[in-house]
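> There's a structure below that I have some questions on.
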2 protein chains.
Amino acid sequence: MTDLLVLTAELVDIPSVSFEEGALADWFEAELRTLAHVDVHRVGDNVIARTGLGRDHRVVLGGHLDTVPVNDNGGARIEGDMLWGLGSADMKGGLAVMLDLARTVTDPAVDVTYVFYAREEVALEHNGLRELFAARPDLLAADLAILGEPTSAAVEAGCQGTARIDVTLAGERAHTARAWMGDNAIHRLGSVLAAIEAYEPRQPEVEGCRYHEALQAVHVEGGVAGNVVPDRAMVRVNHRFAPDRSPDEAVAHVRAVIDPHLRRGDTVEVVDLSPAARPGLDHPLLGSLLERSDVAVRAKLGWTDVAFFSEHGVPAVNLGPGDPTLAHTRGEHVDRVSIERVRAILGELLGAR
Amino acid sequence: MTDLLVLTAELVDIPSVSFEEGALADWFEAELRTLAHVDVHRVGDNVIARTGLGRDHRVVLGGHLDTVPVNDNGGARIEGDMLWGLGSADMKGGLAVMLDLARTVTDPAVDVTYVFYAREEVALEHNGLRELFAARPDLLAADLAILGEPTSAAVEAGCQGTARIDVTLAGERAHTARAWMGDNAIHRLGSVLAAIEAYEPRQPEVEGCRYHEALQAVHVEGGVAGNVVPDRAMVRVNHRFAPDRSPDEAVAHVRAVIDPHLRRGDTVEVVDLSPAARPGLDHPLLGSLLERSDVAVRAKLGWTDVAFFSEHGVPAVNLGPGDPTLAHTRGEHVDRVSIERVRAILGELLGAR
């Protein structure tokens with residue numbers, strides 16, 4: 001049996017910072033092409049391997065190849081049952097599990113589509129999964145998708161949506177020595193920020209998962225010069241919303257909080273809007289897995305790539321080894337137990353014959 | 001008699017943007033050195049000419065040589081009794097008056113110190129008057145100082161002080177998807193801005209002049225990234241204070257407004273502090289001038305260089321031709337009546353024999 005901690009270390013030692021995933025994609029493509037039971041496709045730096053067994057159901061097992069930039073943690077280091085290194089938790093542990101399944105589960109009970117894709121750790125517009133959905137949606141068709149983001153081997157179901165909205169307040173310039181001739185746009189921020197501060201976020205339950213919304217100011221700027229009453233101030237807010245609301249409903253909700261503090265000349269601009277994804281726990285394949293195993297289930301609060309599948313009507317969840325709070329930290333690491341546990345759960349799901 | 005509008009135009013046509021006053025300083029020095037009744041001194045790009053008649057009183061007549069940068073208004077243009085051009089109002093009209101007095105009033109009733117100095121339109125640290133007070137305070141000794149900044153030929157007495165204070169609020173970073181784990185420093189700005197907005201500025205009367213204080217946010221910044229609860233936000237406030245308060249009293253006053261909204265980890269930093277100047281209207285020379293003429297008197301609300309003299313115990317006021325609200329505008333201009341009026345008032349003050 002493959003030592004999955006060692007395989008993960010091998011993957012960590014092939015650098016794959018976003019936009020530089022070529023070498024790792026080549027490596028995966030070469031590995032997968034040695035397997036007789038899958039068809040392999042390459043689209044840019046994305047690699048796909050599919051079984052074609054004519055099963056009733058098809059499951060996507062997917063993960064991103066890239067890592068965030070090196071943070072003095074580039075090389076793999078194993079100590080006992082622990083592996084340190086960039087990408088060990090996010091998400092080369094998950095990639096190792098999926099590669100091992102592709103290699104060893106040659107006769108699964110469901111058809112499987114392995115998807116290894118590029119550029120997840122950068123702006124949405126670059127996302128390899130998005131590229132694939134645009135270029136070859138046929139390759140991604142499935143009844144269920146599982147992405148191997150670190151979840152400490154729990155099922156994190158659905159994801160919250162996210163909206164970023166710029167609120168720009170107007171005023172009237174004047175010299176501060178004659179301030180009463182002006183109208184201070186920064187002062188006007190006070191009531192907008194107070195409204196956001198007083199906002200009570202919902203914690204709705206959707207399909208048995210508890211979500212936790214948020215409305216947060218993430219950027220503020222304003223000012224002309226040290227002796228000028230400023231005529232413009234901007235605050236950017238980020239709203240995280242549960243999957244019981246559409247993107248449009250979420251934006252309308254934010255506007256209901258902020259609009260009472262606006263007046264003619266102010267502007268509200270949605271700069272970024274991604275839908276939430278429903279948990280999808282009612283899908284038979286997932287339901288049956290959750291019945292058979294004692295895997296923990298919780299709501300995913302952040303936005304993740306499962307939303308791409310959800311948008312295309314494919315229920316999707318995250319399930320991977322590694323502690324999600326270690327992602328993007330210098331001390332990122334993953335332990336053997338976590339990797340082997342995910343290997344066991346996913347092996348069970350595929351129902352090897 | 002010299003046509004003072006033409007003389008002003010001549011000065012406008014010698015460019016003297018801050019830090020490039022050399023040519024205009026040379027020109028003034030050469031002109032003044034042709035006069036037998038004054039001693040001429042040059043310190044850097046500052047030029048001083050002093051009578052030495054042994055009179056009981058000495059008056060400084062001063063003005064800055066520099067202009068703000070060109071704004072499509074570099075050359076002089078006379079139409080009828082109006083002169084357009086960069087520096088026409090701020091303050092080459094005043095310089096023309098003072099040069100004319102130096103040339104023509106050879107036997108004044110008071111000793112006169114003419115001071116033409118560099119770099120008023122830039123940061124205080126570069127100010128030519130400050131340079132002179134440091135290098136040759138003896139040359140600036142006087143009983144009264146009059147600076148020729150545009151005042152529409154009124155006496156603008158004293159000046160308000162100015163303090164700039166940075167208030168930095170702390171918080172705790174978190175992912176916005178788990179906002180409750182953080183503490184949003186931008187949200188905390190809300191109560192500080194509300195306090196500043198609710199602030200009622202004083203309008204104290206000092207020596208018969210009505211001042212009008214101000215407390216204004218002039219800059220705000222904060223934010224880490226679009227998905228991060230920010231742990232830092234900063235607002236810079238500008239306080240303009242009347243001459244009945246010392247700089248320290250003014251800072252304490254601002255802190256009394258803001259401190260109730262601060263907590264451990266926040267910081268307050270005074271980045272800039274200039275004293276106010278008392279009106280000085282009770283000085284006999286000025287009182288007698290105001291009695292003899294019908295010149296208007298009002299409080300100066302902005303900070304001006306009269307404060308340098310005030311700090312050295314010399315009462316000082318602004319009095320010059322031109323509309324102060326035109327200063328630093330592209331359409332800057334000055335009219336003949338205003339220039340000749342100031343020439344008449346100052347001629348009266350010097351009491352030519």
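Here's how to read the names in the structure tokens: chain A, B, ... by the order shown, residue numbers from 1 in each chain, ligand numbers from 1 in the order shown.
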Show which residues sit within 8 Å of region 218-226 of chain B, as a compact mmCIF listing (two decimals) with C-alpha atoms, in the first residue's frame. Count only C-alpha atoms, and ignore same-chain residues fewer than 2 positions away.

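Now in result.txt:
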# COMPACT_ATOMS: atom_id res chain seq x y z
CA ARG A 164 -18.57 43.05 -2.23
CA ILE A 186 -15.95 61.26 5.89
CA VAL A 218 -13.35 45.63 4.64
CA HIS A 219 -11.94 48.87 3.22
CA VAL A 220 -12.39 52.55 3.86
CA GLU A 221 -10.81 55.52 2.18
CA GLY A 222 -11.33 59.24 1.89
CA GLY A 223 -9.60 62.59 2.11
CA VAL A 224 -8.23 65.30 -0.15
CA ALA A 225 -5.57 67.13 1.87
CA GLY A 226 -4.82 68.00 5.46
CA ASN A 227 -6.68 71.32 5.23
CA VAL A 228 -9.62 70.34 3.03
CA VAL A 229 -13.11 69.20 4.03
CA PRO A 230 -13.36 66.06 1.90
CA ASN A 238 -18.36 42.30 2.22
CA ALA B 185 -11.51 48.30 13.37
CA ILE B 186 -13.34 50.10 10.54
CA GLN B 216 -12.94 67.94 10.71
CA VAL B 228 -10.52 40.04 5.91
CA VAL B 229 -12.02 41.70 8.98
CA PRO B 230 -9.58 44.62 9.32
CA ASP B 231 -7.54 45.05 12.49
CA ARG B 232 -6.62 48.70 11.91
CA ALA B 233 -8.34 51.87 10.77
CA MET B 234 -7.12 55.43 10.90
CA VAL B 235 -8.78 58.80 10.79
CA ARG B 236 -6.87 62.08 10.64
CA VAL B 237 -8.63 65.07 12.12
CA ASN B 238 -7.81 68.72 11.66
> Need the shell around Leu24 (chain B): protein/DNA/RNA residues with any atom at most 8 Å away, counting only C-alpha atoms. Skip same-chain ones fewer than 5 positions apart. Format as JSON, numbers by chain?
{"B": [11, 14, 15, 16, 65]}
> Residues within 7 Å of Trp84 (chain A), please, as a list in words. Count only C-alpha atoms; anything in the same chain fewer than 3 positions from it doesn't count.
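Everything that qualifies: Ala76, Arg77, Ile78, Ser88, Glu332, His333 and Val334 of chain A.
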> Which one of B:Thr104, B:Ser293, B:Ser310, B:Gln160 sits closest to chain A if you count only C-alpha atoms?
B:Gln160
> Using DSSP secondary structure from the backbone, list all helix (DSSP H, G or I) positions within region 66-147 of chain A, as number ranges by chain.
A: 88-104, 124-126, 128-135, 137-140
> Save out the residues we just selected, C-alpha atoms, as a JSON list (two decimals), in the first residue's frame.

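Produced file again.json, reproduced below:
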[["chain", "number", "residue", "atom", "x", "y", "z"],
["A", 88, "SER", "CA", 0.62, 20.10, 2.58],
["A", 89, "ALA", "CA", -2.85, 20.88, 3.98],
["A", 90, "ASP", "CA", -4.17, 23.08, 1.16],
["A", 91, "MET", "CA", -4.45, 20.72, -0.66],
["A", 92, "LYS", "CA", -1.79, 18.28, -1.71],
["A", 93, "GLY", "CA", -2.95, 15.84, 0.97],
["A", 94, "GLY", "CA", -6.31, 15.74, -0.82],
["A", 95, "LEU", "CA", -4.60, 15.36, -4.21],
["A", 96, "ALA", "CA", -2.58, 12.40, -2.91],
["A", 97, "VAL", "CA", -5.77, 10.67, -1.73],
["A", 98, "MET", "CA", -7.47, 11.19, -5.09],
["A", 99, "LEU", "CA", -4.46, 10.05, -7.08],
["A", 100, "ASP", "CA", -4.24, 6.94, -4.92],
["A", 101, "LEU", "CA", -7.93, 6.21, -5.52],
["A", 102, "ALA", "CA", -7.44, 6.65, -9.28],
["A", 103, "ARG", "CA", -4.53, 4.24, -9.21],
["A", 104, "THR", "CA", -6.06, 1.57, -7.00],
["A", 124, "LEU", "CA", -12.08, 33.95, -9.57],
["A", 125, "GLU", "CA", -11.60, 35.00, -13.19],
["A", 126, "HIS", "CA", -8.44, 32.85, -13.41],
["A", 128, "GLY", "CA", -9.16, 26.55, -13.74],
["A", 129, "LEU", "CA", -12.50, 25.01, -12.84],
["A", 130, "ARG", "CA", -14.21, 28.01, -14.37],
["A", 131, "GLU", "CA", -12.04, 27.55, -17.46],
["A", 132, "LEU", "CA", -13.13, 23.89, -17.67],
["A", 133, "PHE", "CA", -16.83, 24.67, -17.23],
["A", 134, "ALA", "CA", -16.52, 27.14, -20.10],
["A", 135, "ALA", "CA", -14.42, 24.92, -22.43],
["A", 137, "PRO", "CA", -18.62, 21.23, -19.44],
["A", 138, "ASP", "CA", -19.21, 17.68, -20.79],
["A", 139, "LEU", "CA", -16.11, 16.46, -18.92],
["A", 140, "LEU", "CA", -17.52, 17.76, -15.62]]
> Under the rule that only C-alpha atoms are counted, which of B:Arg264, B:His283, B:His187, B:His328 is the nearest residue to chain A?
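Ranking B:Arg264, B:His283, B:His187, B:His328 by distance to chain A, first place goes to B:His187.
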> Can you list, as a PyMOL selection string, every residue of region 196-286 of chain A that DSSP puts in strand (DSSP E)?
chain A and resi 205-206+209-210+214-223+228-229+232-241+267-274
> Using N, CA and C atoms, can you write the selected residues to a file as a compact mmCIF listing (two decimals), in the first residue's frame?

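Result file follows (selection.txt):
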# COMPACT_ATOMS: atom_id res chain seq x y z
N GLU A 205 -30.78 27.89 9.17
CA GLU A 205 -30.49 26.47 8.98
C GLU A 205 -31.02 26.08 7.60
N VAL A 206 -30.16 25.47 6.80
CA VAL A 206 -30.55 25.05 5.46
C VAL A 206 -30.20 23.57 5.32
N CYS A 209 -28.05 22.20 7.94
CA CYS A 209 -26.75 22.84 8.22
C CYS A 209 -26.98 24.26 8.71
N ARG A 210 -26.27 24.65 9.74
CA ARG A 210 -26.39 25.99 10.30
C ARG A 210 -25.37 26.92 9.63
N ALA A 214 -22.60 37.35 7.56
CA ALA A 214 -21.76 38.44 8.04
C ALA A 214 -21.92 39.64 7.13
N LEU A 215 -21.77 40.82 7.73
CA LEU A 215 -21.73 42.07 6.96
C LEU A 215 -20.60 42.89 7.56
N GLN A 216 -19.52 43.03 6.80
CA GLN A 216 -18.31 43.63 7.33
C GLN A 216 -17.75 44.69 6.40
N ALA A 217 -17.38 45.82 6.96
CA ALA A 217 -16.61 46.82 6.21
C ALA A 217 -15.19 46.27 6.06
N VAL A 218 -14.69 46.21 4.84
CA VAL A 218 -13.35 45.63 4.64
C VAL A 218 -12.36 46.66 4.11
N HIS A 219 -12.86 47.83 3.72
CA HIS A 219 -11.94 48.87 3.22
C HIS A 219 -12.64 50.20 3.40
N VAL A 220 -11.84 51.20 3.76
CA VAL A 220 -12.39 52.55 3.86
C VAL A 220 -11.33 53.51 3.36
N GLU A 221 -11.77 54.51 2.63
CA GLU A 221 -10.81 55.52 2.18
C GLU A 221 -11.53 56.83 1.93
N GLY A 222 -10.77 57.93 2.13
CA GLY A 222 -11.33 59.24 1.89
C GLY A 222 -10.33 60.29 2.29
N GLY A 223 -10.49 61.50 1.75
CA GLY A 223 -9.60 62.59 2.11
C GLY A 223 -8.97 63.23 0.90
N VAL A 228 -8.44 70.30 3.91
CA VAL A 228 -9.62 70.34 3.03
C VAL A 228 -10.73 69.45 3.61
N VAL A 229 -11.93 70.00 3.71
CA VAL A 229 -13.11 69.20 4.03
C VAL A 229 -13.37 68.29 2.83
N ARG A 232 -15.63 63.29 -0.66
CA ARG A 232 -15.83 61.92 -1.09
C ARG A 232 -15.25 60.98 -0.04
N ALA A 233 -15.97 59.93 0.27
CA ALA A 233 -15.45 58.89 1.15
C ALA A 233 -16.09 57.58 0.71
N MET A 234 -15.32 56.52 0.81
CA MET A 234 -15.81 55.23 0.31
C MET A 234 -15.61 54.15 1.35
N VAL A 235 -16.60 53.31 1.49
CA VAL A 235 -16.44 52.11 2.31
C VAL A 235 -16.85 50.91 1.47
N ARG A 236 -16.02 49.88 1.51
CA ARG A 236 -16.36 48.63 0.82
C ARG A 236 -16.84 47.63 1.86
N VAL A 237 -18.00 47.05 1.62
CA VAL A 237 -18.52 46.05 2.55
C VAL A 237 -18.52 44.68 1.88
N ASN A 238 -18.31 43.68 2.69
CA ASN A 238 -18.36 42.30 2.22
C ASN A 238 -19.50 41.61 2.96
N HIS A 239 -20.44 41.09 2.19
CA HIS A 239 -21.58 40.36 2.78
C HIS A 239 -21.42 38.89 2.44
N ARG A 240 -21.45 38.05 3.47
CA ARG A 240 -21.45 36.59 3.28
C ARG A 240 -22.86 36.11 3.56
N PHE A 241 -23.44 35.39 2.61
CA PHE A 241 -24.85 35.03 2.76
C PHE A 241 -25.08 33.54 2.57
N THR A 267 -23.26 56.80 -4.28
CA THR A 267 -23.38 55.67 -5.21
C THR A 267 -23.16 54.36 -4.47
N VAL A 268 -23.79 53.31 -5.00
CA VAL A 268 -23.62 51.95 -4.48
C VAL A 268 -23.29 51.07 -5.67
N GLU A 269 -22.14 50.40 -5.59
CA GLU A 269 -21.72 49.59 -6.73
C GLU A 269 -21.35 48.18 -6.26
N VAL A 270 -21.95 47.19 -6.89
CA VAL A 270 -21.61 45.80 -6.59
C VAL A 270 -20.36 45.46 -7.40
N VAL A 271 -19.25 45.19 -6.71
CA VAL A 271 -18.00 44.98 -7.44
C VAL A 271 -17.68 43.50 -7.59
N ASP A 272 -18.45 42.63 -6.93
CA ASP A 272 -18.05 41.23 -6.86
C ASP A 272 -19.24 40.48 -6.24
N LEU A 273 -19.69 39.43 -6.90
CA LEU A 273 -20.90 38.75 -6.42
C LEU A 273 -20.82 37.28 -6.82
N SER A 274 -20.77 36.38 -5.84
CA SER A 274 -20.72 34.95 -6.12
C SER A 274 -21.83 34.27 -5.34
> Could you tell me how far CA of Pro247 (chain B) lies from CA of Thr162 (chain B), in Å and to one decimal?
8.1 Å
> Counting only C-alpha atoms, which residue out of B:Leu35, B:His312, B:Leu290, B:Ile258 sits closest to Asp166 (chain B)?
B:Ile258
> Which of these residues is nearest to chain A, using only C-alpha atoms: B:Ser338, B:Ser288, B:Thr329, B:Ser191?
B:Ser191
